[in-house]
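What follows is the content of start.txt, which has compact mmCIF, C-alpha atoms and all ligand atoms:
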```
# COMPACT_ATOMS: atom_id res chain seq x y z
CA MET A 152 23.13 83.80 26.43
CA SER A 153 19.99 85.04 24.76
CA ALA A 154 19.29 83.08 21.60
CA GLY A 155 16.92 84.08 18.82
CA LYS A 156 13.97 82.10 17.62
CA LEU A 157 14.44 78.41 16.89
CA ILE A 158 14.08 77.25 13.29
CA ILE A 159 12.81 73.68 13.10
CA THR A 160 13.34 71.76 9.88
CA ALA A 161 11.30 68.62 9.22
CA ALA A 162 12.96 66.02 7.00
CA VAL A 163 9.76 64.15 6.35
CA CYS A 164 10.64 61.31 4.01
CA GLY A 165 14.29 60.88 3.02
CA ALA A 166 15.59 58.41 0.48
CA GLU A 167 16.42 55.36 2.54
CA VAL A 168 13.62 54.65 5.02
CA THR A 169 11.21 51.89 3.96
CA ARG A 170 7.69 50.79 4.92
CA GLU A 171 9.28 47.67 6.41
CA GLN A 172 11.10 49.90 8.90
CA THR A 173 8.10 52.06 9.70
CA PRO A 174 4.55 52.06 8.33
CA TYR A 175 4.45 55.84 8.92
CA ILE A 176 6.96 56.91 6.25
CA PRO A 177 5.15 59.00 3.61
CA LEU A 178 5.81 57.88 0.05
CA THR A 179 3.25 59.29 -2.37
CA PRO A 180 3.18 63.01 -3.28
CA GLU A 181 -0.06 63.42 -1.29
CA GLU A 182 1.32 61.65 1.77
CA ILE A 183 4.55 63.66 1.68
CA ALA A 184 2.65 66.96 1.30
CA ASN A 185 0.35 66.01 4.16
CA GLU A 186 3.31 65.22 6.42
CA ALA A 187 4.80 68.59 5.48
CA PHE A 188 1.52 70.26 6.44
CA LEU A 189 1.30 68.43 9.79
CA SER A 190 4.93 69.31 10.55
CA TYR A 191 4.24 72.97 9.72
CA LYS A 192 1.22 72.98 12.02
CA ALA A 193 3.41 71.48 14.73
CA GLY A 194 6.08 74.21 14.41
CA ALA A 195 8.37 73.43 11.48
CA SER A 196 9.34 76.37 9.30
CA ILE A 197 11.45 74.46 6.75
CA ILE A 198 10.70 71.16 5.00
CA HIS A 199 13.70 69.20 3.77
CA LEU A 200 12.23 67.37 0.82
CA HIS A 201 12.96 64.08 -0.89
CA VAL A 202 10.43 62.41 -3.15
CA ARG A 203 9.69 58.84 -4.21
CA ASP A 204 8.52 57.25 -7.46
CA LYS A 205 5.34 55.20 -7.80
CA PHE A 206 7.14 52.17 -6.37
CA GLY A 207 8.23 54.11 -3.28
CA LYS A 208 11.86 54.27 -4.44
CA PRO A 209 13.87 57.51 -4.23
CA THR A 210 13.79 59.66 -7.34
CA GLN A 211 15.10 63.12 -8.25
CA ASP A 212 12.64 63.48 -11.14
CA VAL A 213 11.89 67.21 -11.34
CA GLU A 214 8.29 66.55 -12.33
CA VAL A 215 7.66 64.64 -9.11
CA PHE A 216 9.37 67.41 -7.13
CA LYS A 217 7.22 70.06 -8.84
CA ARG A 218 4.08 68.12 -8.00
CA VAL A 219 4.99 67.84 -4.31
CA VAL A 220 6.21 71.46 -4.08
CA ASN A 221 2.88 72.64 -5.54
CA LEU A 222 0.89 70.44 -3.17
CA ILE A 223 2.82 71.81 -0.19
CA ARG A 224 2.46 75.42 -1.38
CA GLY A 225 -1.29 74.86 -1.68
CA LYS A 226 -1.48 73.85 1.99
CA CYS A 227 1.12 76.17 3.54
CA PRO A 228 2.29 78.97 1.21
CA ASP A 229 4.82 80.54 3.60
CA LEU A 230 6.63 77.32 4.54
CA ILE A 231 10.25 77.21 3.28
CA ILE A 232 10.80 74.26 0.98
CA GLN A 233 14.33 72.90 0.81
CA VAL A 234 14.70 70.22 -1.85
CA SER A 235 17.40 67.60 -1.55
CA THR A 236 20.23 67.52 -4.06
CA GLY A 237 21.73 64.59 -2.18
CA GLY A 238 19.10 62.21 -3.47
CA ALA A 239 20.22 58.65 -2.85
CA VAL A 240 23.68 57.09 -2.94
CA GLY A 241 24.66 56.08 -6.49
CA MET A 242 22.60 58.69 -8.36
CA THR A 243 24.48 60.74 -10.95
CA PRO A 244 25.10 64.48 -10.39
CA ASP A 245 22.78 65.41 -13.29
CA GLU A 246 20.04 63.30 -11.81
CA ARG A 247 20.52 64.79 -8.34
CA VAL A 248 20.56 68.46 -9.29
CA GLN A 249 17.23 68.39 -11.19
CA SER A 250 15.31 69.05 -7.96
CA ILE A 251 16.46 72.68 -7.81
CA TYR A 252 14.26 73.45 -10.82
CA SER A 253 11.05 72.59 -8.95
CA GLY A 254 10.20 76.08 -7.66
CA ALA A 255 11.59 75.60 -4.14
CA GLU A 256 13.51 78.48 -2.57
CA MET A 257 16.19 76.41 -0.90
CA ALA A 258 18.20 73.22 -1.57
CA SER A 259 20.60 71.05 0.34
CA LEU A 260 24.21 71.21 -0.84
CA ASP A 261 26.31 68.32 0.42
CA THR A 262 29.82 69.66 0.78
CA GLY A 263 31.93 66.56 0.97
CA THR A 264 32.27 62.84 0.39
CA THR A 265 31.54 60.52 3.27
CA ASN A 266 31.02 56.91 4.19
CA PHE A 267 27.30 56.29 4.41
CA GLY A 268 26.79 52.92 6.06
CA ASP A 269 28.14 50.34 3.61
CA ASP A 270 28.16 52.93 0.81
CA ILE A 271 30.11 56.03 -0.20
CA PHE A 272 28.18 59.25 -0.71
CA VAL A 273 30.23 61.12 -3.33
CA ASN A 274 30.43 64.92 -3.27
CA ASP A 275 33.72 66.11 -4.74
CA LEU A 276 34.60 69.77 -5.20
CA PRO A 277 33.70 69.93 -8.93
CA LEU A 278 30.24 68.57 -8.05
CA ILE A 279 29.87 71.06 -5.18
CA ARG A 280 30.88 73.99 -7.41
CA ASN A 281 28.58 72.80 -10.18
CA PHE A 282 25.55 72.51 -7.88
CA ALA A 283 26.36 75.80 -6.10
CA SER A 284 26.65 77.71 -9.42
CA LYS A 285 23.37 76.29 -10.68
CA MET A 286 21.63 77.25 -7.42
CA ALA A 287 23.10 80.78 -7.55
CA GLU A 288 21.93 81.22 -11.16
CA ILE A 289 18.28 80.67 -10.22
CA ASN A 290 18.43 82.20 -6.74
CA VAL A 291 17.97 78.98 -4.78
CA MET A 292 19.64 79.26 -1.39
CA PRO A 293 21.92 76.39 -0.39
CA GLU A 294 22.02 74.78 3.04
CA PHE A 295 25.48 73.27 3.47
CA GLU A 296 25.15 69.66 4.60
CA CYS A 297 28.30 68.87 6.57
CA PHE A 298 28.76 65.27 7.68
CA GLU A 299 32.42 65.83 8.64
CA LEU A 300 34.60 68.75 9.76
CA GLY A 301 36.34 68.93 6.37
CA HIS A 302 33.00 69.52 4.68
CA ILE A 303 32.89 72.93 6.35
CA SER A 304 36.25 73.77 4.73
CA ASN A 305 34.84 72.80 1.32
CA ALA A 306 31.77 74.98 1.87
CA LEU A 307 33.92 77.94 2.89
CA LYS A 308 36.22 77.36 -0.10
CA VAL A 309 33.27 77.63 -2.50
CA VAL A 310 32.07 80.76 -0.66
CA LYS A 311 35.56 82.28 -0.96
CA GLU A 312 35.56 81.54 -4.69
CA GLY A 313 32.55 83.86 -4.93
CA ILE A 314 30.06 81.28 -6.15
CA ILE A 315 27.68 81.76 -3.25
CA LYS A 316 26.30 85.17 -2.38
CA SER A 317 23.39 84.22 -0.10
CA HIS A 318 23.28 84.02 3.69
CA LEU A 319 25.43 81.13 4.98
CA HIS A 320 23.45 78.37 6.66
CA PHE A 321 25.01 75.08 7.75
CA ASN A 322 23.49 71.75 8.71
CA PHE A 323 25.74 69.50 10.79
CA VAL A 324 24.62 65.94 10.08
CA LEU A 325 26.04 63.82 12.88
CA GLY A 326 25.74 60.12 13.58
CA VAL A 327 25.51 58.62 10.09
CA PRO A 328 27.16 55.17 10.38
CA GLY A 329 30.74 55.49 9.09
CA SER A 330 30.73 59.29 9.31
CA CYS A 331 31.31 61.78 12.15
CA PRO A 332 29.79 60.53 15.42
CA ALA A 333 27.07 62.60 17.10
CA ASP A 334 28.59 63.87 20.31
CA ALA A 335 28.77 67.22 21.99
CA ARG A 336 32.49 67.80 21.39
CA ASN A 337 32.23 67.08 17.68
CA LEU A 338 29.29 69.44 17.39
CA MET A 339 31.15 72.19 19.32
CA ARG A 340 34.14 71.88 16.99
CA MET A 341 31.88 72.30 13.98
CA ILE A 342 30.07 75.30 15.49
CA ASP A 343 33.47 76.90 16.17
CA SER A 344 34.50 76.39 12.52
CA ILE A 345 31.85 78.48 10.79
CA PRO A 346 31.86 82.27 10.33
CA LYS A 347 30.24 84.39 13.07
CA GLU A 348 27.50 85.65 10.74
CA ALA A 349 26.47 82.15 9.65
CA THR A 350 23.56 80.21 11.13
CA TRP A 351 23.51 76.49 11.83
CA THR A 352 21.23 73.60 12.48
CA VAL A 353 21.95 70.05 13.58
CA SER A 354 20.58 66.72 12.41
CA GLY A 355 21.31 63.98 14.92
CA ILE A 356 20.82 60.65 13.21
CA GLY A 357 18.90 57.81 14.86
CA ARG A 358 18.94 57.83 18.65
CA TYR A 359 21.05 60.99 18.69
CA GLU A 360 18.28 63.15 17.24
CA PHE A 361 17.00 64.66 20.48
CA GLU A 362 20.37 64.72 22.25
CA MET A 363 21.76 66.93 19.46
CA ALA A 364 18.53 68.96 19.43
CA ALA A 365 18.92 69.75 23.13
CA ILE A 366 22.45 71.06 22.59
CA ALA A 367 21.37 73.17 19.62
CA ILE A 368 18.48 74.66 21.59
CA VAL A 369 20.75 75.83 24.40
CA MET A 370 23.64 76.84 22.11
CA GLY A 371 21.51 79.14 19.94
CA GLY A 372 21.49 76.83 16.92
CA ASN A 373 18.57 75.30 15.09
CA VAL A 374 17.19 71.78 14.85
CA ARG A 375 16.29 69.30 12.14
CA VAL A 376 14.17 66.26 12.96
CA GLY A 377 12.08 63.91 10.86
CA LEU A 378 11.61 60.35 9.72
CA GLU A 379 14.52 60.74 7.26
CA ASP A 380 16.86 60.92 10.24
CA ASN A 381 15.08 59.00 12.99
CA ILE A 382 11.88 56.94 13.11
CA TYR A 383 11.50 56.75 16.92
CA LEU A 384 9.77 59.19 19.24
CA SER A 385 11.44 57.50 22.20
CA LYS A 386 13.20 54.18 22.75
CA GLY A 387 11.19 51.48 20.96
CA VAL A 388 8.25 53.81 20.19
CA LEU A 389 7.79 54.61 16.51
CA ALA A 390 6.79 58.18 15.68
CA LYS A 391 3.36 57.98 14.04
CA SER A 392 4.04 61.19 12.13
CA ASN A 393 6.83 63.68 11.54
CA ALA A 394 4.66 66.09 13.51
CA GLU A 395 5.24 64.06 16.69
CA LEU A 396 8.99 64.57 16.30
CA VAL A 397 8.53 68.31 15.69
CA GLU A 398 6.17 68.57 18.70
CA LYS A 399 8.80 66.97 20.92
CA VAL A 400 11.36 69.62 19.91
CA VAL A 401 8.78 72.34 20.51
CA ARG A 402 8.21 70.98 24.05
CA MET A 403 11.96 70.84 24.69
CA ALA A 404 12.44 74.40 23.42
CA LYS A 405 9.59 75.71 25.55
CA GLU A 406 11.08 74.11 28.67
CA LEU A 407 14.42 75.70 27.84
CA GLY A 408 12.95 79.11 27.05
CA ARG A 409 13.51 79.21 23.31
CA GLU A 410 10.74 80.65 21.13
CA ILE A 411 9.83 78.82 17.91
CA ALA A 412 10.35 80.63 14.59
CA THR A 413 7.38 80.86 12.26
CA PRO A 414 8.16 80.41 8.56
CA MET A 415 8.16 84.22 8.22
CA ASP A 416 10.61 84.51 11.14
CA ALA A 417 12.80 81.88 9.49
CA ARG A 418 12.70 83.78 6.19
CA LYS A 419 13.87 86.90 7.99
CA ILE A 420 16.70 85.07 9.77
CA LEU A 421 17.87 83.33 6.57
CA ASN A 422 17.14 86.27 4.25
CA ILE A 423 14.74 84.34 2.01
CA LYS A 424 11.88 86.12 0.30
CA VAL A 425 8.42 84.60 -0.16
CA SER A 426 8.36 82.84 -3.56
N1 LIG A 501 20.19 60.32 1.11
C1 LIG A 501 21.53 60.64 1.43
C2 LIG A 501 22.48 59.79 0.66
C3 LIG A 501 20.68 65.51 1.24
O1 LIG A 501 19.47 65.39 1.26
O2 LIG A 501 21.26 66.47 0.73
C4 LIG A 501 21.86 62.07 1.19
C5 LIG A 501 20.99 63.08 1.79
C6 LIG A 501 21.55 64.44 1.87
O3 LIG A 501 19.86 62.84 2.22
ZN ZN A 502 18.14 64.46 2.76
```

Exercise: express the given structure as structure tokens:
Amino acid sequence: MSAGKLIITAAVCGAEVTREQTPYIPLTPEEIANEAFLSYKAGASIIHLHVRDKFGKPTQDVEVFKRVVNLIRGKCPDLIIQVSTGGAVGMTPDERVQSIYSGAEMASLDTGTTNFGDDIFVNDLPLIRNFASKMAEINVMPEFECFELGHISNALKVVKEGIIKSHLHFNFVLGVPGSCPADARNLMRMIDSIPKEATWTVSGIGRYEFEMAAIAIVMGGNVRVGLEDNIYLSKGVLAKSNAELVEKVVRMAKELGREIATPMDARKILNIKVS
């Protein structure tokens, strides 16, 4: 099978990871933008973006998002910025959706409710439709975040309802405690459930990050890595930067004969114009 270029997404910060878990998690706008830059230099073409407040806690404040989006654009204008509308568990929908008004061209759209460790991450259909309509209104492209097989059905339902007109791009998030386990058969089932013209990426959580990446590289999918999903470069070795995680995927892809997409390549594949 000849696969196209590999889009690498770097999820540089997330909402949950703390300095106690790793000293390398970026928290301030400058640190987050710098990690985005280093990831871009390493081969990432999309940044999945969460931001933190001045105490290092997750926030969806649009002003903070705007600040980080502008800082990133200043360093790497062609990089695709995908803001999170997932935020953190317990945030209200209104709070979560603010991020789409930050000037980014893409946003995550979580298409179903799931257990999330001890918590429940709530994404019912009215919320999904609401976020999808708001994104469509301002031409922000969604990436469907699917933690379970049924989340693909929800995404396709919203597409069928005509709310989404953009290219269909899925992210299979596998290995969140309490949600769908990260294994090859589960991933295959998800790949088989999306339309032929859609593209997909995989986020293997924790120690599954590189295992899932390897499968995506050979199956013609795309890969998300980053400290949001996994803080280790290898067993017991903390990644000192998101760039180290991206570099590892680049090495794996090279060994397996897959070329890395530049941000402009990724824009072409996903049909996203330069902002
Ligand atoms: N922080 C998680 C509860 C997303 O960015 O869209 C949700 C999340 C998904 O990270
Ligand atoms: Zn996220």

Centre and size of axis-aligned box enclosing ligand LIG 501 (chain A) plus 3 Å each side, as lines of an AutoDock Vina configuration file:
```
center_x = 21.0
center_y = 63.1
center_z = 1.4
size_x = 9.0
size_y = 12.7
size_z = 7.6
```

At a cut-off of 6 Å and counting all atoms listed in the file, what residues surround ligand LIG 501 (chain A)? Please answer as a VMD selection string.
chain A and resid 165 to 166 235 to 240 259 to 261 272

Considering only C-alpha atoms, return as a ChimeraX atom specification whatever protein or nucleic-acid residues lie within 6 Å of Phe321 (chain A), sequence-local ones (same chain, fewer than 4 positions apart) excluded.
/A:294-295,351

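Comparing A:Ser250, A:Asn337, A:Asn281, A:Ser317 by their smallest distance to ligand ZN 502 (chain A), the closest is A:Ser250 (using only C-alpha atoms and all ligand atoms).
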
Distance CA of Ile303 (chain A)-CA of Phe323 (chain A), one decimal place?
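So the answer is 9.1 Å.
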
Of the candidates A:Ser196, A:Ser284, A:Gln233, A:Ser344, which one gets nearest to ligand ZN 502 (chain A) if we count only C-alpha atoms and all ligand atoms?
A:Gln233

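Interatomic distance, CA of Gly377 (chain A) against CA of Ala154 (chain A): 23.1 Å.
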
Taking (20.5, 65.0, -10.5) as a centre in this file's frame and 9 Å as the limit, can you find every polymer residue with an atom that close, using all atoms listed in the file, and give them as an NGL selection string?
:A and (211-213 or 236-238 or 242-250)

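Between CA of Gly301 (chain A) and CA of Ile366 (chain A) the interatomic distance comes to 21.5 Å.
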
Take the point (30.1, 76.2, 5.7) as written in the file and pick out every residue within 12 Å of it, counting all atoms listed in the file; give the list as a ChimeraX atom specification.
/A:260-263,293-311,315,317-323,341-352

Could those residues be written to a file, using C-alpha atoms, as a CSV table (one decimal), keeping the file's coordinate frame?
```
chain,number,residue,atom,x,y,z
A,260,LEU,CA,24.2,71.2,-0.8
A,261,ASP,CA,26.3,68.3,0.4
A,262,THR,CA,29.8,69.7,0.8
A,263,GLY,CA,31.9,66.6,1.0
A,293,PRO,CA,21.9,76.4,-0.4
A,294,GLU,CA,22.0,74.8,3.0
A,295,PHE,CA,25.5,73.3,3.5
A,296,GLU,CA,25.2,69.7,4.6
A,297,CYS,CA,28.3,68.9,6.6
A,298,PHE,CA,28.8,65.3,7.7
A,299,GLU,CA,32.4,65.8,8.6
A,300,LEU,CA,34.6,68.8,9.8
A,301,GLY,CA,36.3,68.9,6.4
A,302,HIS,CA,33.0,69.5,4.7
A,303,ILE,CA,32.9,72.9,6.4
A,304,SER,CA,36.2,73.8,4.7
A,305,ASN,CA,34.8,72.8,1.3
A,306,ALA,CA,31.8,75.0,1.9
A,307,LEU,CA,33.9,77.9,2.9
A,308,LYS,CA,36.2,77.4,-0.1
A,309,VAL,CA,33.3,77.6,-2.5
A,310,VAL,CA,32.1,80.8,-0.7
A,311,LYS,CA,35.6,82.3,-1.0
A,315,ILE,CA,27.7,81.8,-3.2
A,317,SER,CA,23.4,84.2,-0.1
A,318,HIS,CA,23.3,84.0,3.7
A,319,LEU,CA,25.4,81.1,5.0
A,320,HIS,CA,23.4,78.4,6.7
A,321,PHE,CA,25.0,75.1,7.8
A,322,ASN,CA,23.5,71.8,8.7
A,323,PHE,CA,25.7,69.5,10.8
A,341,MET,CA,31.9,72.3,14.0
A,342,ILE,CA,30.1,75.3,15.5
A,343,ASP,CA,33.5,76.9,16.2
A,344,SER,CA,34.5,76.4,12.5
A,345,ILE,CA,31.8,78.5,10.8
A,346,PRO,CA,31.9,82.3,10.3
A,347,LYS,CA,30.2,84.4,13.1
A,348,GLU,CA,27.5,85.6,10.7
A,349,ALA,CA,26.5,82.2,9.6
A,350,THR,CA,23.6,80.2,11.1
A,351,TRP,CA,23.5,76.5,11.8
A,352,THR,CA,21.2,73.6,12.5
```

Residues at most 10 Å from Lys208 (chain A), counting only C-alpha atoms, excluding those fewer than 2 positions away in the same chain, as a PyMOL selection string?
chain A and resi 166-169+178+202-206+210+239

Between A:Asn381, A:Asn185, A:Thr413, A:Ser392, single out the one closest to ligand ZN 502 (chain A), counting only C-alpha atoms and all ligand atoms.
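That would be A:Asn381, the residue with the smallest distance to ligand ZN 502 (chain A).
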
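Distances to ligand ZN 502 (chain A) were evaluated for A:Leu157, A:Met363, A:Ile420, A:Val163 using only C-alpha atoms and all ligand atoms, and the minimum falls at A:Val163.
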
Residue among A:Val353, A:Ile176, A:Ala184, A:Ile197 lying closest to Ala412 (chain A), counting all atoms listed in the file
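That would be A:Ile197, the residue with the smallest distance to Ala412 (chain A).
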
Can you list, as a PyMOL selection string, every protein, DNA or RNA residue that comes within 8 Å of Arg375 (chain A) when you count all atoms listed in the file, leaving out same-chain residues fewer than 2 positions away?
chain A and resi 159-162+352-355+364+373+377

Please save C-alpha atoms of the selected residues as a CSV table (one decimal), keeping the file's coordinate frame.
```csv
chain,number,residue,atom,x,y,z
A,159,ILE,CA,12.8,73.7,13.1
A,160,THR,CA,13.3,71.8,9.9
A,161,ALA,CA,11.3,68.6,9.2
A,162,ALA,CA,13.0,66.0,7.0
A,352,THR,CA,21.2,73.6,12.5
A,353,VAL,CA,22.0,70.0,13.6
A,354,SER,CA,20.6,66.7,12.4
A,355,GLY,CA,21.3,64.0,14.9
A,364,ALA,CA,18.5,69.0,19.4
A,373,ASN,CA,18.6,75.3,15.1
A,377,GLY,CA,12.1,63.9,10.9
```

Completion of region 233-263 of chain A up to N, CA and C atoms, as an mmCIF file, in the coordinates of the input:
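What landed in result-v2.cif:
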```cif
data_model
loop_
_atom_site.group_PDB
_atom_site.id
_atom_site.type_symbol
_atom_site.label_atom_id
_atom_site.label_comp_id
_atom_site.auth_asym_id
_atom_site.auth_seq_id
_atom_site.Cartn_x
_atom_site.Cartn_y
_atom_site.Cartn_z
ATOM 1 N N GLN A 233 12.918 73.162 1.123
ATOM 2 C CA GLN A 233 14.330 72.900 0.810
ATOM 3 C C GLN A 233 14.409 71.516 0.152
ATOM 4 N N VAL A 234 14.625 71.510 -1.159
ATOM 5 C CA VAL A 234 14.700 70.220 -1.850
ATOM 6 C C VAL A 234 16.085 69.602 -1.653
ATOM 7 N N SER A 235 16.125 68.296 -1.674
ATOM 8 C CA SER A 235 17.400 67.600 -1.550
ATOM 9 C C SER A 235 18.113 67.546 -2.883
ATOM 10 N N THR A 236 19.421 67.842 -2.877
ATOM 11 C CA THR A 236 20.230 67.520 -4.060
ATOM 12 C C THR A 236 21.157 66.356 -3.728
ATOM 13 N N GLY A 237 20.951 65.781 -2.550
ATOM 14 C CA GLY A 237 21.730 64.590 -2.180
ATOM 15 C C GLY A 237 21.120 63.357 -2.832
ATOM 16 N N GLY A 238 19.784 63.360 -2.891
ATOM 17 C CA GLY A 238 19.100 62.210 -3.470
ATOM 18 C C GLY A 238 19.459 60.942 -2.715
ATOM 19 N N ALA A 239 19.813 59.919 -3.472
ATOM 20 C CA ALA A 239 20.220 58.650 -2.850
ATOM 21 C C ALA A 239 21.609 58.288 -3.358
ATOM 22 N N VAL A 240 22.329 57.529 -2.555
ATOM 23 C CA VAL A 240 23.680 57.090 -2.940
ATOM 24 C C VAL A 240 23.622 56.398 -4.304
ATOM 25 N N GLY A 241 24.575 56.750 -5.184
ATOM 26 C CA GLY A 241 24.660 56.080 -6.490
ATOM 27 C C GLY A 241 24.000 56.860 -7.616
ATOM 28 N N MET A 242 23.211 57.886 -7.289
ATOM 29 C CA MET A 242 22.600 58.690 -8.360
ATOM 30 C C MET A 242 23.671 59.560 -9.012
ATOM 31 N N THR A 243 23.500 59.895 -10.277
ATOM 32 C CA THR A 243 24.480 60.740 -10.950
ATOM 33 C C THR A 243 24.251 62.209 -10.544
ATOM 34 N N PRO A 244 25.288 63.061 -10.705
ATOM 35 C CA PRO A 244 25.100 64.480 -10.390
ATOM 36 C C PRO A 244 23.954 65.115 -11.175
ATOM 37 N N ASP A 245 23.851 64.812 -12.474
ATOM 38 C CA ASP A 245 22.780 65.410 -13.290
ATOM 39 C C ASP A 245 21.405 65.025 -12.772
ATOM 40 N N GLU A 246 21.297 63.786 -12.359
ATOM 41 C CA GLU A 246 20.040 63.300 -11.810
ATOM 42 C C GLU A 246 19.725 64.052 -10.501
ATOM 43 N N ARG A 247 20.724 64.189 -9.664
ATOM 44 C CA ARG A 247 20.520 64.790 -8.340
ATOM 45 C C ARG A 247 20.115 66.256 -8.392
ATOM 46 N N VAL A 248 20.723 66.996 -9.321
ATOM 47 C CA VAL A 248 20.560 68.460 -9.290
ATOM 48 C C VAL A 248 19.223 68.935 -9.879
ATOM 49 N N GLN A 249 18.521 68.025 -10.577
ATOM 50 C CA GLN A 249 17.230 68.390 -11.190
ATOM 51 C C GLN A 249 16.259 69.043 -10.217
ATOM 52 N N SER A 250 16.307 68.599 -8.955
ATOM 53 C CA SER A 250 15.310 69.050 -7.960
ATOM 54 C C SER A 250 15.298 70.560 -7.776
ATOM 55 N N ILE A 251 16.413 71.223 -8.060
ATOM 56 C CA ILE A 251 16.460 72.680 -7.810
ATOM 57 C C ILE A 251 15.552 73.454 -8.770
ATOM 58 N N TYR A 252 15.114 72.777 -9.836
ATOM 59 C CA TYR A 252 14.260 73.450 -10.820
ATOM 60 C C TYR A 252 12.758 73.212 -10.554
ATOM 61 N N SER A 253 12.437 72.945 -9.294
ATOM 62 C CA SER A 253 11.050 72.590 -8.950
ATOM 63 C C SER A 253 10.261 73.759 -8.394
ATOM 64 N N GLY A 254 10.912 74.927 -8.229
ATOM 65 C CA GLY A 254 10.200 76.080 -7.660
ATOM 66 C C GLY A 254 10.435 76.259 -6.171
ATOM 67 N N ALA A 255 11.267 75.435 -5.566
ATOM 68 C CA ALA A 255 11.590 75.600 -4.140
ATOM 69 C C ALA A 255 12.579 76.748 -3.969
ATOM 70 N N GLU A 256 12.612 77.346 -2.795
ATOM 71 C CA GLU A 256 13.510 78.480 -2.570
ATOM 72 C C GLU A 256 14.858 78.088 -1.985
ATOM 73 N N MET A 257 14.970 76.839 -1.579
ATOM 74 C CA MET A 257 16.190 76.410 -0.900
ATOM 75 C C MET A 257 16.514 74.976 -1.337
ATOM 76 N N ALA A 258 17.807 74.607 -1.234
ATOM 77 C CA ALA A 258 18.200 73.220 -1.570
ATOM 78 C C ALA A 258 19.363 72.811 -0.686
ATOM 79 N N SER A 259 19.436 71.530 -0.401
ATOM 80 C CA SER A 259 20.600 71.050 0.340
ATOM 81 C C SER A 259 21.794 71.005 -0.609
ATOM 82 N N LEU A 260 22.974 71.306 -0.061
ATOM 83 C CA LEU A 260 24.210 71.210 -0.840
ATOM 84 C C LEU A 260 25.216 70.436 0.012
ATOM 85 N N ASP A 261 25.420 69.183 -0.356
ATOM 86 C CA ASP A 261 26.310 68.320 0.420
ATOM 87 C C ASP A 261 27.748 68.672 0.069
ATOM 88 N N THR A 262 28.525 69.063 1.093
ATOM 89 C CA THR A 262 29.820 69.660 0.780
ATOM 90 C C THR A 262 31.008 68.738 1.071
ATOM 91 N N GLY A 263 30.792 67.459 0.875
ATOM 92 C CA GLY A 263 31.930 66.560 0.970
ATOM 93 C C GLY A 263 31.513 65.101 0.872
#
```
